[in-house]
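Okay, structure22.cif is below, mmCIF, C-alpha atoms:
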```
data_entry
loop_
_atom_site.label_atom_id
_atom_site.label_comp_id
_atom_site.auth_asym_id
_atom_site.auth_seq_id
_atom_site.Cartn_x
_atom_site.Cartn_y
_atom_site.Cartn_z
CA MET A 165 0.00 0.00 0.00
CA VAL A 166 1.37 3.40 -0.96
CA ALA A 167 0.70 6.04 1.66
CA ALA A 168 -0.64 9.44 0.82
CA PRO A 169 2.07 12.13 0.79
CA VAL A 170 2.77 13.57 4.21
CA ASP A 171 3.64 17.20 4.83
CA ALA A 172 6.31 16.84 7.51
CA SER A 173 6.26 20.59 8.16
CA ALA A 174 2.67 20.57 9.39
CA THR A 175 3.33 19.63 13.00
CA THR A 176 1.33 20.53 16.06
CA ASP A 177 1.18 19.12 19.57
CA ALA A 178 -2.50 18.92 20.47
CA GLY A 179 -2.94 16.15 23.02
CA ASP A 180 -1.63 12.64 23.47
CA ASN A 181 -2.37 10.88 20.17
CA HIS A 182 0.26 8.18 20.39
CA ALA A 183 -2.14 5.28 19.85
CA GLU A 184 -3.36 6.73 16.57
CA VAL A 185 0.19 7.46 15.42
CA PHE A 186 1.51 4.01 16.38
CA ALA A 187 -1.35 2.40 14.41
CA GLN A 188 -0.03 4.06 11.25
CA TYR A 189 3.18 1.99 11.19
CA GLY A 190 4.04 -1.61 10.38
CA THR A 191 7.25 -3.50 9.73
CA ILE A 192 10.86 -2.43 10.12
CA GLU A 193 13.56 -3.27 7.57
CA THR A 194 17.17 -2.50 6.71
CA ILE A 195 17.45 -0.59 3.44
CA ALA A 196 21.16 0.30 3.43
CA GLY A 197 24.36 -0.92 5.05
CA THR A 198 25.90 -4.25 5.97
CA GLY A 199 27.39 -3.55 9.40
CA GLN A 200 30.67 -5.34 8.77
CA ILE A 201 32.85 -2.55 10.20
CA GLU A 202 31.84 -1.24 13.62
CA ASP A 203 34.93 0.80 14.42
CA LYS A 204 34.97 4.59 14.48
CA GLY A 205 37.25 6.42 12.09
CA VAL A 206 37.31 3.58 9.56
CA ASN A 207 36.39 4.27 5.92
CA GLY A 208 34.82 1.12 4.53
CA TRP A 209 33.55 2.58 1.27
CA GLN A 210 34.78 0.80 -1.85
CA GLN A 211 34.47 1.78 -5.50
CA GLY A 212 32.77 -1.54 -6.17
CA PHE A 213 29.75 -0.42 -4.16
CA GLU A 214 28.92 2.26 -6.74
CA GLY A 215 25.84 1.33 -8.71
CA GLY A 216 25.11 -1.73 -6.55
CA GLN A 217 22.41 -2.53 -4.06
CA ALA A 218 22.48 -0.30 -0.98
CA SER A 219 21.80 -3.29 1.24
CA SER A 220 25.15 -4.77 0.09
CA ALA A 221 27.19 -1.58 0.54
CA GLU A 222 29.26 -0.82 3.63
CA LEU A 223 28.47 2.52 5.24
CA SER A 224 31.01 4.19 7.51
CA ARG A 225 29.39 5.61 10.64
CA PRO A 226 26.56 7.43 8.82
CA HIS A 227 24.97 10.23 10.81
CA ILE A 228 21.68 11.04 9.09
CA ALA A 229 19.49 9.93 6.18
CA GLN A 230 16.78 11.99 4.48
CA ALA A 231 14.52 11.28 1.52
CA ASP A 232 13.20 13.55 -1.24
CA ALA A 233 9.82 13.58 -2.98
CA ALA A 234 11.14 11.42 -5.83
CA GLY A 235 11.94 8.57 -3.47
CA ASN A 236 15.70 9.12 -3.35
CA LEU A 237 17.42 8.62 0.00
CA TYR A 238 20.48 10.75 0.86
CA ILE A 239 22.97 9.55 3.49
CA ALA A 240 25.70 11.56 5.21
CA ASP A 241 28.39 8.86 5.31
CA LYS A 242 30.64 10.55 7.85
CA ASP A 243 33.73 8.33 8.00
CA GLY A 244 33.35 7.58 4.28
CA HIS A 245 33.62 11.34 3.56
CA GLY A 246 30.78 11.31 1.06
CA ILE A 247 27.10 11.74 0.47
CA ARG A 248 25.44 8.61 -0.89
CA ARG A 249 22.14 8.49 -2.72
CA VAL A 250 19.89 5.44 -2.81
CA ASP A 251 17.28 5.54 -5.56
CA ALA A 252 13.81 3.99 -5.48
CA ALA A 253 15.25 0.72 -6.85
CA GLY A 254 17.75 0.50 -3.98
CA ILE A 255 20.81 1.42 -6.07
CA ILE A 256 23.47 3.39 -4.21
CA THR A 257 25.80 5.99 -5.74
CA THR A 258 28.01 8.81 -4.49
CA VAL A 259 26.62 12.28 -5.23
CA ALA A 260 29.13 14.43 -3.31
CA GLY A 261 32.66 13.92 -2.06
CA THR A 262 35.53 11.76 -3.28
CA SER A 263 35.41 9.40 -0.27
CA THR A 264 38.77 10.82 0.82
CA ALA A 265 38.87 13.50 3.51
CA GLY A 266 40.04 16.97 2.48
CA ASN A 267 39.02 20.22 0.87
CA ASN A 268 39.99 20.88 -2.72
CA GLY A 269 37.55 23.72 -3.22
CA ASP A 270 34.30 24.07 -5.13
CA GLY A 271 33.35 22.40 -8.38
CA PRO A 272 31.81 19.14 -9.65
CA ALA A 273 30.40 17.52 -6.52
CA THR A 274 31.87 14.05 -7.00
CA GLN A 275 35.33 15.52 -7.68
CA ARG A 276 35.43 17.75 -4.62
CA GLN A 277 36.38 16.55 -1.17
CA LEU A 278 34.37 16.59 2.03
CA SER A 279 35.67 15.92 5.52
CA ALA A 280 33.47 14.03 7.97
CA PRO A 281 30.05 15.21 6.69
CA ASN A 282 27.98 15.10 9.83
CA GLY A 283 24.67 16.69 8.87
CA LEU A 284 22.39 17.02 5.87
CA TRP A 285 19.37 18.99 4.72
CA LEU A 286 17.39 18.47 1.51
CA GLY A 287 16.12 21.55 -0.27
CA THR A 288 13.86 21.73 -3.29
CA GLY A 289 14.57 20.99 -6.94
CA GLY A 290 17.35 18.52 -6.15
CA THR A 291 19.45 20.97 -4.12
CA PHE A 292 20.88 19.66 -0.86
CA TYR A 293 23.09 21.03 1.90
CA ILE A 294 25.89 19.38 3.86
CA LEU A 295 27.25 20.11 7.30
CA ASP A 296 30.89 19.54 6.31
CA LEU A 297 32.13 19.22 9.86
CA GLY A 298 35.83 18.66 9.18
CA ASN A 299 35.90 21.73 6.96
CA ASP A 300 33.80 23.81 9.40
CA SER A 301 31.36 24.87 6.70
CA VAL A 302 27.96 24.35 5.14
CA ARG A 303 28.22 23.22 1.52
CA ARG A 304 25.53 23.33 -1.17
CA VAL A 305 25.09 20.88 -4.04
CA ARG A 306 23.05 22.18 -6.93
CA ASP A 307 22.96 20.83 -10.49
CA GLY A 308 25.85 18.52 -9.67
CA ASN A 309 28.17 21.25 -8.39
CA LEU A 310 29.41 21.64 -4.83
CA GLU A 311 30.11 25.07 -3.37
CA THR A 312 30.55 26.57 0.08
CA LEU A 313 27.44 28.41 1.24
CA PHE A 314 29.09 29.73 4.40
CA ALA A 315 31.84 29.02 6.92
CA ILE A 316 30.45 28.15 10.35
CA GLY A 317 33.24 28.95 12.79
CA GLY A 318 33.90 26.58 15.68
CA ALA A 319 31.81 23.63 14.48
CA SER A 320 33.92 20.92 16.08
CA THR A 321 30.83 18.86 16.95
CA GLY A 322 27.13 18.96 16.11
CA ARG A 323 24.82 17.38 13.57
CA GLY A 324 21.76 19.54 13.10
CA LEU A 325 21.32 21.56 9.91
CA TRP A 326 18.33 23.31 8.36
CA VAL A 327 18.30 25.71 5.41
CA ALA A 328 15.28 27.64 4.15
CA ASP A 329 14.31 26.91 0.55
CA ASP A 330 15.08 30.50 -0.46
CA GLU A 331 18.37 30.43 1.48
CA SER A 332 17.31 33.42 3.55
CA LEU A 333 17.97 31.60 6.84
CA ALA A 334 19.89 28.61 8.16
CA TYR A 335 20.40 26.99 11.56
CA VAL A 336 23.42 24.89 12.52
CA ALA A 337 24.08 22.87 15.67
CA ALA A 338 27.67 23.66 16.65
CA GLY A 339 28.80 22.10 19.91
CA SER A 340 27.09 23.92 22.77
CA THR A 341 25.76 26.70 20.53
CA LEU A 342 22.85 26.88 18.13
CA LYS A 343 24.02 29.17 15.33
CA ARG A 344 21.94 31.15 12.86
CA TRP A 345 23.00 32.34 9.40
CA THR A 346 21.47 34.94 7.11
CA PRO A 347 23.03 36.36 3.92
CA ALA A 348 22.97 39.84 5.42
CA SER A 349 24.39 39.13 8.87
CA GLY A 350 26.42 35.98 8.30
CA VAL A 351 26.79 33.47 11.15
CA GLU A 352 25.66 34.51 14.63
CA SER A 353 25.46 32.69 17.96
CA PHE A 354 21.70 32.38 18.29
CA VAL A 355 21.19 30.35 21.51
CA THR A 356 23.91 29.15 23.89
CA GLY A 357 23.97 27.08 27.06
CA PHE A 358 23.56 23.63 25.57
CA VAL A 359 25.97 20.82 26.44
CA SER A 360 26.51 19.02 23.12
CA LEU A 361 23.94 19.42 20.38
CA GLY A 362 22.53 16.71 18.14
CA ASN A 363 19.91 17.18 15.45
CA LEU A 364 17.16 19.76 15.04
CA PHE A 365 13.77 20.13 13.35
CA VAL A 366 12.01 23.36 12.33
CA GLU A 367 8.25 23.49 12.88
CA PRO A 368 5.88 25.45 10.59
CA SER A 369 5.60 28.12 13.29
CA GLY A 370 9.32 28.76 13.00
CA ASP A 371 10.01 27.17 16.38
CA LEU A 372 12.86 24.67 16.51
CA LEU A 373 12.99 21.30 18.23
CA VAL A 374 16.60 20.88 19.34
CA ALA A 375 18.22 17.74 20.73
CA ASP A 376 20.92 18.35 23.34
CA ARG A 377 22.75 15.04 23.41
CA GLY A 378 25.07 15.90 26.30
CA GLY A 379 22.27 17.55 28.28
CA HIS A 380 19.86 14.59 27.80
CA ARG A 381 17.07 16.95 26.82
CA VAL A 382 15.03 18.24 23.89
CA TYR A 383 14.20 21.95 23.79
CA ARG A 384 11.75 24.07 21.88
CA VAL A 385 13.46 27.26 20.72
CA THR A 386 11.41 30.18 19.44
CA PRO A 387 12.48 32.45 16.56
CA THR A 388 13.39 35.04 19.19
CA GLY A 389 15.75 32.64 20.96
CA GLU A 390 13.72 31.57 23.98
CA LYS A 391 14.28 27.91 24.87
CA THR A 392 12.07 25.60 26.91
CA PRO A 393 12.73 21.94 27.79
CA ILE A 394 10.00 19.72 26.34
CA ALA A 395 11.47 16.22 26.81
CA GLY A 396 14.11 14.71 29.05
CA ASN A 397 14.89 15.35 32.70
CA GLY A 398 18.55 16.20 32.22
CA SER A 399 19.77 12.75 33.22
CA ARG A 400 20.05 9.26 31.76
CA THR A 401 17.35 7.59 33.85
CA GLY A 402 13.92 8.13 35.35
CA GLY A 403 10.34 8.17 34.14
CA GLY A 404 9.57 5.94 31.21
CA ASP A 405 6.85 4.71 28.89
CA GLY A 406 3.62 6.65 29.43
CA GLN A 407 5.21 9.08 31.87
CA ALA A 408 5.71 12.83 31.58
CA ALA A 409 8.24 13.60 28.85
CA VAL A 410 10.12 16.12 30.97
CA ALA A 411 10.41 13.60 33.83
CA THR A 412 11.93 10.85 31.68
CA GLY A 413 15.64 10.24 31.22
CA LEU A 414 16.83 10.42 27.60
CA ASP A 415 20.27 8.83 27.49
CA GLU A 416 22.17 11.00 24.98
CA VAL A 417 19.24 12.09 22.81
CA ARG A 418 20.56 12.73 19.30
CA GLY A 419 17.60 12.62 16.92
CA VAL A 420 14.39 14.65 16.77
CA TRP A 421 11.69 14.92 14.09
CA GLY A 422 8.13 16.21 14.11
CA HIS A 423 5.09 14.16 13.12
CA PRO A 424 2.38 15.90 11.04
CA ASP A 425 -0.40 14.58 13.29
CA GLY A 426 1.17 16.21 16.34
CA GLY A 427 4.04 15.39 18.64
CA PHE A 428 7.55 14.39 17.72
CA PHE A 429 9.98 11.48 17.69
CA VAL A 430 13.27 11.40 19.56
CA ALA A 431 16.14 8.91 19.28
CA THR A 432 18.57 8.21 22.12
CA HIS A 433 22.13 7.21 21.30
CA LYS A 434 23.14 5.39 24.48
CA GLY A 435 19.58 4.42 25.30
CA GLY A 436 19.27 2.79 21.89
CA GLN A 437 15.61 3.69 21.56
CA VAL A 438 13.10 5.75 19.60
CA TRP A 439 10.37 7.50 21.59
CA TYR A 440 7.28 9.45 20.60
CA VAL A 441 6.23 12.54 22.58
CA SER A 442 2.73 13.97 22.43
CA GLY A 443 0.54 15.89 24.84
CA GLY A 444 3.42 16.12 27.28
CA SER A 445 3.74 12.32 27.59
CA ILE A 446 6.43 10.01 26.19
CA HIS A 447 5.91 6.57 24.70
CA LEU A 448 8.42 3.91 23.62
CA PHE A 449 8.24 3.41 19.85
CA VAL A 450 11.22 1.18 18.94
CA ASP A 451 13.19 -0.57 21.66
CA GLY A 452 16.86 -1.45 21.64
CA ASP A 453 20.08 -1.24 23.58
CA SER A 454 23.63 0.05 23.26
CA ASP A 455 25.65 -3.05 22.38
CA ASP A 456 25.55 -2.87 18.55
CA SER A 457 22.55 -5.19 18.34
CA HIS A 458 20.61 -5.21 15.09
CA ALA A 459 17.59 -7.46 14.67
CA GLY A 460 13.94 -7.70 13.70
CA ASP A 461 13.81 -7.03 9.97
CA GLY A 462 10.40 -7.96 8.62
CA LEU A 463 8.69 -7.73 12.01
CA ARG A 464 6.45 -5.02 13.37
CA PHE A 465 8.42 -2.12 14.82
CA ASP A 466 7.01 -2.83 18.29
CA ASP A 467 7.70 -6.57 18.28
CA PRO A 468 9.75 -7.33 21.44
CA THR A 469 12.49 -9.01 19.38
CA VAL A 470 13.14 -5.91 17.26
CA ARG A 471 16.43 -4.29 18.24
CA ILE A 472 18.26 -1.14 17.25
CA SER A 473 21.27 0.43 18.91
CA GLU A 474 22.89 3.84 19.04
CA PRO A 475 20.46 5.61 16.68
CA ARG A 476 21.97 8.84 15.44
CA ALA A 477 18.99 10.37 13.67
CA ILE A 478 15.34 9.85 12.86
CA THR A 479 13.62 11.50 9.89
CA MET A 480 10.42 11.04 7.91
CA ASP A 481 10.14 10.64 4.15
CA PRO A 482 7.34 12.29 2.11
CA ASN A 483 5.29 9.08 2.25
CA GLY A 484 5.36 8.99 6.04
CA ASN A 485 7.94 6.21 6.44
CA LEU A 486 10.40 6.71 9.31
CA LEU A 487 14.14 6.49 8.62
CA ILE A 488 16.46 5.54 11.48
CA THR A 489 20.23 5.94 11.11
CA GLU A 490 21.71 3.24 13.30
CA HIS A 491 25.06 2.70 15.08
CA ASP A 492 28.73 2.52 14.11
CA GLY A 493 28.19 -0.49 11.87
CA GLY A 494 26.16 1.78 9.64
CA PHE A 495 22.59 0.78 8.94
CA ILE A 496 19.62 2.74 7.63
CA ARG A 497 16.37 1.22 8.90
CA ARG A 498 12.89 2.07 7.63
CA VAL A 499 9.68 1.76 9.64
CA ASN A 500 6.99 1.43 7.01
CA TYR A 501 3.97 3.70 7.04
CA THR A 502 0.89 1.59 6.32
CA ARG A 503 -2.18 3.75 6.67
CA ARG A 504 -3.45 7.23 7.41
#
```
Structure encoded using structure tokens:
Amino acid sequence: MVAAPVDASATTDAGDNHAEVFAQYGTIETIAGTGQIEDKGVNGWQQGFEGGQASSAELSRPHIAQADAAGNLYIADKDGHGIRRVDAAGIITTVAGTSTAGNNGDGPATQRQLSAPNGLWLGTGGTFYILDLGNDSVRRVRDGNLETLFAIGGASTGRGLWVADDESLAYVAAGSTLKRWTPASGVESFVTGFVSLGNLFVEPSGDLLVADRGGHRVYRVTPTGEKTPIAGNGSRTGGGDGQAAVATGLDEVRGVWGHPDGGFFVATHKGGQVWYVSGGSIHLFVDGDSDDSHAGDGLRFDDPTVRISEPRAITMDPNGNLLITEHDGGFIRRVNYTRR
């Protein structure tokens, strides 16, 4: 069954609707990665993977995956120093980077180097943006050419990136600081006081959902820079399924993504879990642990034998499917949307 297109920007948080949202999803499957190399800092990408099945290609500590309206999946393959694209037939190719770390300037995207691409944002018309962490910059790929949109300044860690379609505004997670860029003002420190930022999501109101991995919390940040904790109690433990979101421990929360029917998903790195927050309550969506386990393909996402570990990001494709970027071995999992 093909789901109706979902507008992932149309999020609200109007009551606890977790039962209705959970009923929309079915099986979980691995759509990219083999998990043969689980070590950090190892580049397992090989030329022979180009043009082959994504499920047979080794990914190297990927940090986020996003999908466009045409059904293409883009993966920031951090330790492979490239951006991979998986088409609707499951074929994987490199669309940016040479798979060798460096910076040889702007030009044809597959002939120009990236260094530890850690974040990704898909624009419109095939344009996409890369948080090129090792080069401390945000890069743009348009019509097959890579160019630097702006230098960040001090982006030694961080994963979150969002760029407006008209490139009038961008947000970048940079360590303990959420930075904002505009063409007129350049890069500014927008909100400080975080511990170590993960991913972010921009709601239609302009508010941001921001994951603070080191602070074990998710914040809502307004366009004027006011931040409010909306999930996590600041520690690794406490609370739990069905409890208040702000009373529940989120062990290194890295991923965050809004759901169009209200609420939002979060993914915890050390906790190895995906949770759904709505109406102020938190509910366990996909269980797991932190020991590189990987199991359950073909089963319902909430089957007790399904296991993920160290999820780095969670996103939603235009058809409503959820994409989970999973652990050092490098897997992209999909939780299939079945009805609306």
>> Taking all atoms listed in the file into account, name the residue in A:Asn282, A:Ser332, A:Gln230, A:Thr291 that is nearest to A:Gly484.
In response: A:Gln230
> Near A:Val359, counting all atoms listed in the file, which residues have an atom at most 10 Å away, once you skip same-chain residues fewer than 6 positions from it, shown as a list in words?
Replying inline: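 Skipping anything fewer than 6 positions along the chain leaves Gly339, Ser340, Thr341, Asp376, Arg377, Gly378, Gly379, His380 and Arg381 of chain A.
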> Can you list, as an MDAnalysis selection string, every protein, DNA or RNA residue that comes within 12 Å of A:Trp326 when you count only C-alpha atoms, leaving out same-chain residues fewer than 4 positions away?
Replying inline: chainID A and resid 283:287 292:295 302 304 330:337 342:345 363:367 370 372:374
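Every protein or nucleic acid residue with an atom no more than 9 Å from A:Gln275, counting all atoms listed in the file and leaving out same-chain residues fewer than 6 positions away, appears here: Ala260, Gly261, Thr262, Asn268 and Leu310 of chain A.
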Please write the residues picked by the PyMOL selection byres ((chain A and resi 416-427) around 8) on this file as a short mmCIF file (atom, residue, chain, number, x, y, z; two decimals) with C-alpha atoms, in the coordinates of the input.
```cif
data_model
loop_
_atom_site.label_atom_id
_atom_site.label_comp_id
_atom_site.auth_asym_id
_atom_site.auth_seq_id
_atom_site.Cartn_x
_atom_site.Cartn_y
_atom_site.Cartn_z
CA VAL A 170 2.77 13.57 4.21
CA ASP A 171 3.64 17.20 4.83
CA ALA A 172 6.31 16.84 7.51
CA SER A 173 6.26 20.59 8.16
CA ALA A 174 2.67 20.57 9.39
CA THR A 175 3.33 19.63 13.00
CA THR A 176 1.33 20.53 16.06
CA ASP A 177 1.18 19.12 19.57
CA ALA A 178 -2.50 18.92 20.47
CA GLY A 179 -2.94 16.15 23.02
CA ASP A 180 -1.63 12.64 23.47
CA ASN A 181 -2.37 10.88 20.17
CA VAL A 185 0.19 7.46 15.42
CA LEU A 361 23.94 19.42 20.38
CA GLY A 362 22.53 16.71 18.14
CA ASN A 363 19.91 17.18 15.45
CA LEU A 364 17.16 19.76 15.04
CA PHE A 365 13.77 20.13 13.35
CA GLU A 367 8.25 23.49 12.88
CA LEU A 373 12.99 21.30 18.23
CA VAL A 374 16.60 20.88 19.34
CA ALA A 375 18.22 17.74 20.73
CA ASP A 376 20.92 18.35 23.34
CA ARG A 377 22.75 15.04 23.41
CA GLY A 378 25.07 15.90 26.30
CA GLY A 379 22.27 17.55 28.28
CA HIS A 380 19.86 14.59 27.80
CA ARG A 381 17.07 16.95 26.82
CA VAL A 382 15.03 18.24 23.89
CA ARG A 400 20.05 9.26 31.76
CA LEU A 414 16.83 10.42 27.60
CA ASP A 415 20.27 8.83 27.49
CA PHE A 428 7.55 14.39 17.72
CA PHE A 429 9.98 11.48 17.69
CA VAL A 430 13.27 11.40 19.56
CA ALA A 431 16.14 8.91 19.28
CA THR A 432 18.57 8.21 22.12
CA HIS A 433 22.13 7.21 21.30
CA LYS A 434 23.14 5.39 24.48
CA GLY A 435 19.58 4.42 25.30
CA TYR A 440 7.28 9.45 20.60
CA VAL A 441 6.23 12.54 22.58
CA SER A 442 2.73 13.97 22.43
CA GLY A 443 0.54 15.89 24.84
CA PRO A 475 20.46 5.61 16.68
CA ARG A 476 21.97 8.84 15.44
CA ALA A 477 18.99 10.37 13.67
CA ILE A 478 15.34 9.85 12.86
CA THR A 479 13.62 11.50 9.89
CA MET A 480 10.42 11.04 7.91
#
```
> Applied to this file, what does the PyMOL selection byres ((chain A and resi 257) around 9) return in terms of residues, put as a PyMOL selection string?
Replying inline: chain A and resi 213-216+218+247-251+255-256+258-259
>> Using all atoms listed in the file, which protein or nucleic acid residues come within 9 Å of stretch 201-204 of chain A? Drop anything in the same chain fewer than 5 positions from it, and give the result as number ranges by chain.
In response: A: 222-225, 243, 456, 491-494
Give the padded box for stretch 245-263 of chain A as JSON: axis-aligned, covering all atoms listed in the file, 6 Å on each side, centre and edge lengths in Å to one decimal.
```
{"center_x": 24.7, "center_y": 7.5, "center_z": -1.6, "size_x": 33.7, "size_y": 25.9, "size_z": 22.4}
```
> Neighbours of A:Ala315 within 7 Å (only C-alpha atoms; same-chain residues fewer than 2 positions away dropped), as a ChimeraX atom specification?
Replying inline: /A:300-302,317
>> Between atom CA of A:Asp481 and atom CA of A:Gly462, what is the distance in Å, rounded to a tenth?
In response: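 Between atom CA of A:Asp481 and atom CA of A:Gly462 the gap works out to 19.1 Å.
In this structure, atom CA of A:Gln277 sits 12.8 Å away from atom CA of A:Asp241.
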> What gap, in Å, lies between atom CA of A:Ala338 and atom CA of A:Glu490?
Replying inline: 21.5 Å
